[in-house]
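Engineer: Can you read through this structure? Questions will come right after.
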Amino acid sequence: MNTLLKRLATALAAIVVSWVVWSFLASPIVPVVWEAPANPGLSGVFASNKQLANVDTVAMPDLGPEDIACSSEGWLYSGLEDGQIVRFKDQGEATLFARTEGRPLGMIFDQQGALIVADAYQGLLKIDRNGQVETLVDQYQGQRLQFVDDVDIADDGTIYFSDASMRFEYHNNLLDFYEGSMTGRLFAYSPQTQSIELLLDGLFFANGVALGPNDAYVLVNETGLGRVQRFWLKGPQAGTADVFIEHLPGTPDNINFDGDSTFWIAMPSLRAGVDGVAAMPFLRRLVSVLPGVLQEAAATPVSFVLGVNVAGEIVANLQDPALGYNYITSATPCGDSLWLGSLHMFSAGQLPLPNTRF
């Protein structure tokens, strides 16, 4: 028995040593130590509740309606994992509108009725009413945009969009969190001049984008730090950035403004897993060579949407501990409804537009 135990111990030690060596030889990341901001958890204004317990759904033909866009004709549009963009109404079947041959994420209609799409692989796209796809921009200073993520459009036609990471793509996006090098960026694109301008860089996974009232500023979510940055476009602070809201307990994904007073922020997971390895680059290097399903073990999926007013105050807290409609990546106000998107669901979610007062 002792001999058998010794052999097992020797074999286990060899596996561990091989794993360590392999991680240093094959790891795709160069992990950086970073400091996790304060995390309040699900307490206070973030306390757990059942406000998302009764979400209605509309079935999708494939996985992952990440964002929802509302058209002036009453149709809703969303992009799926297989590159389809489908359109649907609150009742009935979702039908094919276009294919991007990439991974469509954030999307919104411009003033002329074209659908502007942030595609993780193809860049910033424009899709006309007939479903014809045109690439607006897919590179900056001669380098390919690695991970175009979300988009919003100002009244003057300027398109603001995020590039989540300069290091990793959609299919291996978890590596950006394990590396922690903070290479996300916020851009402005002018359709009139076909020029692109860098507004912010050094962001920890630049994600959701939303313009504020009167286009005075644009917000961009930093998923890895649980906060939202604000870049001023007008007024005495124009050209500068500050923090709009921070210390969120979840990982903010898309953000959408209702045009009046509320930003809706979707949070697909809690921050605890990412925060827990912030000071452990060695461990993150070890995990980076594991299969994706094991890398995902650090994430804690939730059903979680926040409403935030223009002063950066929480005015709505929507959750579902039962995870009925979960891993929510977007919350889009459209008429009297709030439409939900998710990377992990085969459906879009819908609920009556919530009250934004505690």
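By convention in this document, the chains of the structure tokens carry letters A, B, ... by their order, each chain's residues are numbered from 1, and ligands are numbered from 1 in the order they are shown.
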Check the DSSP output for the backbone and give back, as a PDB file with C-alpha atoms, in the first residue's frame, the residues of segment 8-206 of chain A in helix (DSSP H, G or I).

Structural biologist:
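What follows is the written file out26.pdb:
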```pdb
ATOM      1  CA  LEU A   8       0.642   7.952  -6.958  1.00  0.00           C
ATOM      2  CA  ALA A   9       2.319  10.852  -5.185  1.00  0.00           C
ATOM      3  CA  THR A  10       5.231  10.742  -7.640  1.00  0.00           C
ATOM      4  CA  ALA A  11       2.858  10.678 -10.609  1.00  0.00           C
ATOM      5  CA  LEU A  12       0.833  13.578  -9.206  1.00  0.00           C
ATOM      6  CA  ALA A  13       3.974  15.595  -8.598  1.00  0.00           C
ATOM      7  CA  ALA A  14       5.104  14.949 -12.162  1.00  0.00           C
ATOM      8  CA  ILE A  15       1.730  16.156 -13.493  1.00  0.00           C
ATOM      9  CA  VAL A  16       1.921  19.336 -11.422  1.00  0.00           C
ATOM     10  CA  VAL A  17       5.494  20.055 -12.495  1.00  0.00           C
ATOM     11  CA  SER A  18       4.581  19.419 -16.140  1.00  0.00           C
ATOM     12  CA  TRP A  19       1.597  21.759 -15.822  1.00  0.00           C
ATOM     13  CA  VAL A  20       3.759  24.514 -14.339  1.00  0.00           C
ATOM     14  CA  VAL A  21       6.438  24.129 -17.003  1.00  0.00           C
ATOM     15  CA  TRP A  22       3.837  23.979 -19.769  1.00  0.00           C
ATOM     16  CA  SER A  23       2.114  27.108 -18.497  1.00  0.00           C
ATOM     17  CA  PHE A  24       5.341  29.107 -18.770  1.00  0.00           C
ATOM     18  CA  LEU A  25       6.162  27.740 -22.205  1.00  0.00           C
ATOM     19  CA  ALA A  26       2.696  27.894 -23.775  1.00  0.00           C
ATOM     20  CA  GLY A  44     -27.232  47.838   0.293  1.00  0.00           C
ATOM     21  CA  VAL A  45     -28.587  49.189  -2.988  1.00  0.00           C
ATOM     22  CA  PHE A  46     -27.289  45.996  -4.657  1.00  0.00           C
ATOM     23  CA  TYR A 170     -13.979  37.362 -28.719  1.00  0.00           C
ATOM     24  CA  HIS A 171     -13.342  33.597 -28.686  1.00  0.00           C
ATOM     25  CA  ASN A 172     -10.616  33.872 -26.013  1.00  0.00           C
ATOM     26  CA  LEU A 174     -11.326  35.472 -20.762  1.00  0.00           C
ATOM     27  CA  LEU A 175      -7.583  35.697 -21.294  1.00  0.00           C
ATOM     28  CA  ASP A 176      -7.864  39.489 -21.193  1.00  0.00           C
ATOM     29  CA  PHE A 177      -9.068  39.233 -17.586  1.00  0.00           C
ATOM     30  CA  TYR A 178      -6.393  36.694 -16.667  1.00  0.00           C
ATOM     31  CA  GLU A 179      -3.691  38.914 -18.144  1.00  0.00           C
TER      32      GLU A 179
END
```

Engineer: Determine, using only C-alpha atoms, which residues of segment 100-201 of chain A have any atom at most 10 Å from an atom of segment 215-225 of chain A, and tabulate each with its shortest atom pair and distance in Å to one decimal place, rows ordered by chain and then rising number, as a tab-separated table.

Structural biologist:
```
residue	atom	partner	partner_atom	distance
A:Asp150	CA	A:Val220	CA	9.0
A:Val151	CA	A:Val220	CA	9.7
A:Asp152	CA	A:Val218	CA	8.7
A:Ile153	CA	A:Asp215	CA	9.1
A:Ala154	CA	A:Asp215	CA	6.1
A:Asp155	CA	A:Asp215	CA	7.4
A:Asp156	CA	A:Asp215	CA	9.2
A:Tyr160	CA	A:Val218	CA	7.9
A:Phe161	CA	A:Val220	CA	8.7
A:Ser162	CA	A:Val220	CA	7.5
A:Ala164	CA	A:Glu222	CA	8.9
A:Asp176	CA	A:Gly224	CA	8.9
A:Phe177	CA	A:Gly224	CA	6.5
A:Tyr178	CA	A:Gly224	CA	9.9
A:Gly180	CA	A:Gly224	CA	8.1
A:Met182	CA	A:Gly224	CA	8.6
A:Gly184	CA	A:Glu222	CA	8.4
A:Arg185	CA	A:Val220	CA	9.2
A:Leu186	CA	A:Val220	CA	7.3
A:Leu200	CA	A:Val220	CA	9.4
```

Engineer: Would you mind exporting N, CA and C atoms of the selected residues as an mmCIF file, in the first residue's frame?

Structural biologist:
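Resulting contents of again30.cif:
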```
data_model
loop_
_atom_site.group_PDB
_atom_site.id
_atom_site.type_symbol
_atom_site.label_atom_id
_atom_site.label_comp_id
_atom_site.auth_asym_id
_atom_site.auth_seq_id
_atom_site.Cartn_x
_atom_site.Cartn_y
_atom_site.Cartn_z
ATOM 1 N N ASP A 150 -19.168 47.549 -28.535
ATOM 2 C CA ASP A 150 -20.466 48.216 -28.416
ATOM 3 C C ASP A 150 -20.404 49.565 -29.118
ATOM 4 N N VAL A 151 -21.601 50.186 -29.311
ATOM 5 C CA VAL A 151 -21.678 51.358 -30.175
ATOM 6 C C VAL A 151 -22.851 52.241 -29.766
ATOM 7 N N ASP A 152 -22.689 53.562 -29.966
ATOM 8 C CA ASP A 152 -23.789 54.511 -29.849
ATOM 9 C C ASP A 152 -23.543 55.629 -30.853
ATOM 10 N N ILE A 153 -24.594 56.400 -31.162
ATOM 11 C CA ILE A 153 -24.512 57.409 -32.217
ATOM 12 C C ILE A 153 -25.029 58.744 -31.704
ATOM 13 N N ALA A 154 -24.255 59.810 -31.922
ATOM 14 C CA ALA A 154 -24.641 61.158 -31.517
ATOM 15 C C ALA A 154 -25.584 61.775 -32.545
ATOM 16 N N ASP A 155 -26.232 62.854 -32.158
ATOM 17 C CA ASP A 155 -27.167 63.530 -33.065
ATOM 18 C C ASP A 155 -26.485 64.042 -34.324
ATOM 19 N N ASP A 156 -25.180 64.364 -34.238
ATOM 20 C CA ASP A 156 -24.467 64.855 -35.422
ATOM 21 C C ASP A 156 -23.967 63.720 -36.309
ATOM 22 N N TYR A 160 -19.694 56.417 -31.758
ATOM 23 C CA TYR A 160 -18.762 56.110 -30.674
ATOM 24 C C TYR A 160 -18.790 54.600 -30.437
ATOM 25 N N PHE A 161 -17.621 54.004 -30.352
ATOM 26 C CA PHE A 161 -17.580 52.550 -30.179
ATOM 27 C C PHE A 161 -16.362 52.127 -29.371
ATOM 28 N N SER A 162 -16.456 50.932 -28.798
ATOM 29 C CA SER A 162 -15.369 50.396 -27.973
ATOM 30 C C SER A 162 -14.647 49.272 -28.699
ATOM 31 N N ALA A 164 -12.628 46.268 -27.147
ATOM 32 C CA ALA A 164 -12.472 45.736 -25.793
ATOM 33 C C ALA A 164 -11.027 45.459 -25.407
ATOM 34 N N ASP A 176 -8.104 38.075 -21.481
ATOM 35 C CA ASP A 176 -7.864 39.489 -21.193
ATOM 36 C C ASP A 176 -7.968 39.749 -19.695
ATOM 37 N N PHE A 177 -8.904 39.063 -19.028
ATOM 38 C CA PHE A 177 -9.068 39.233 -17.586
ATOM 39 C C PHE A 177 -7.943 38.538 -16.824
ATOM 40 N N TYR A 178 -7.495 37.383 -17.332
ATOM 41 C CA TYR A 178 -6.393 36.694 -16.667
ATOM 42 C C TYR A 178 -5.069 37.434 -16.850
ATOM 43 N N GLY A 180 -4.839 40.972 -17.490
ATOM 44 C CA GLY A 180 -4.975 42.222 -16.752
ATOM 45 C C GLY A 180 -4.141 43.372 -17.281
ATOM 46 N N MET A 182 -4.945 45.666 -19.510
ATOM 47 C CA MET A 182 -5.764 46.865 -19.697
ATOM 48 C C MET A 182 -5.433 47.605 -20.995
ATOM 49 N N GLY A 184 -8.014 48.107 -23.485
ATOM 50 C CA GLY A 184 -9.258 48.499 -24.143
ATOM 51 C C GLY A 184 -9.252 49.963 -24.544
ATOM 52 N N ARG A 185 -10.063 50.284 -25.573
ATOM 53 C CA ARG A 185 -10.065 51.660 -26.098
ATOM 54 C C ARG A 185 -11.479 52.120 -26.462
ATOM 55 N N LEU A 186 -11.650 53.443 -26.436
ATOM 56 C CA LEU A 186 -12.887 54.083 -26.873
ATOM 57 C C LEU A 186 -12.568 54.967 -28.071
ATOM 58 N N LEU A 200 -10.067 57.356 -25.573
ATOM 59 C CA LEU A 200 -9.529 56.807 -24.329
ATOM 60 C C LEU A 200 -8.832 55.488 -24.604
#
```

Engineer: Excluding segment 120-123 of chain A and residues on its chain fewer than 4 positions from it, collect all residues at most 9 Å away from it, counting only C-alpha atoms, and give them as number ranges by chain.

Structural biologist: A: 100-105, 135-139, 144-149, 163-164, 169-170

Engineer: Extract, using only C-alpha atoms, all DNA, RNA and protein residues at most 9 Å from segment 311-314 of chain A, discarding same-chain residues fewer than 6 positions from it, and format them as a ChimeraX atom specification.

Structural biologist: /A:45-46,244-245,263,356-358

Engineer: Determine, for each residue of segment 245-306 of chain A having at least one atom at most 9 Å from an atom of segment 50-66 of chain A, the closest pair of atoms and their separation in Å to one decimal, counting only C-alpha atoms; order by chain and ascending number, as a tab-separated table.

Structural biologist:
```
residue	atom	partner	partner_atom	distance
A:Asn254	CA	A:Glu66	CA	8.8
A:Ser303	CA	A:Leu52	CA	7.2
A:Phe304	CA	A:Leu52	CA	8.0
A:Val305	CA	A:Leu52	CA	8.7
```

Engineer: Write out as a VMD selection string all residues of segment 286-351 of chain A that backbone DSSP assigns to strand (DSSP E or B).

Structural biologist: chain A and resid 300 to 301 304 to 309 314 to 319 328 to 334 337 to 342 347 to 351

Engineer: Which residues are close to Ala188 of chain A, i.e. within 9 Å by only C-alpha atoms, leaving aside same-chain residues fewer than 5 positions away? Reply as a ChimeraX atom specification.

Structural biologist: /A:158-162,195-199

Engineer: Just the residues within 6 Å of Gly131 of chain A, please, counting only C-alpha atoms, with nothing from its chain fewer than 3 positions along; format it as a count of residues only.

Structural biologist: 4

Engineer: Write out as a compact mmCIF listing (two decimals) with C-alpha atoms, in the first residue's frame the residues lying within 7 Å of Trp264 of chain A, counting only C-alpha atoms and excluding same-chain residues fewer than 6 positions away.

Structural biologist:
```txt
# COMPACT_ATOMS: atom_id res chain seq x y z
CA ILE A 255 -25.07 50.14 -21.28
CA ASN A 256 -28.09 51.86 -22.84
CA PHE A 257 -29.59 55.29 -22.20
CA VAL A 305 -29.41 44.71 -14.34
CA LEU A 306 -28.98 48.16 -12.82
CA GLY A 307 -30.65 51.47 -13.57
CA VAL A 308 -28.39 54.47 -12.95
CA ALA A 331 -30.84 45.89 -21.23
```

Engineer: I need the residue nearest Lys126 of chain A from this list: A:Phe109, A:Gly208, A:Gln141, A:Asn214. Use only C-alpha atoms for the distance.

Structural biologist: A:Phe109

Engineer: Find the residue from A:Val86, A:Gly273, A:Asn2, A:Phe282 that sits nearest to Gln295 of chain A; use only C-alpha atoms when measuring.

Structural biologist: A:Gly273

Engineer: When you count only C-alpha atoms, which of these residues is closest to Tyr325 of chain A: A:Ala266, A:Ala278, A:Ala299, A:Leu340?

Structural biologist: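 With only C-alpha atoms as the atom set, the closest residue is A:Leu340.
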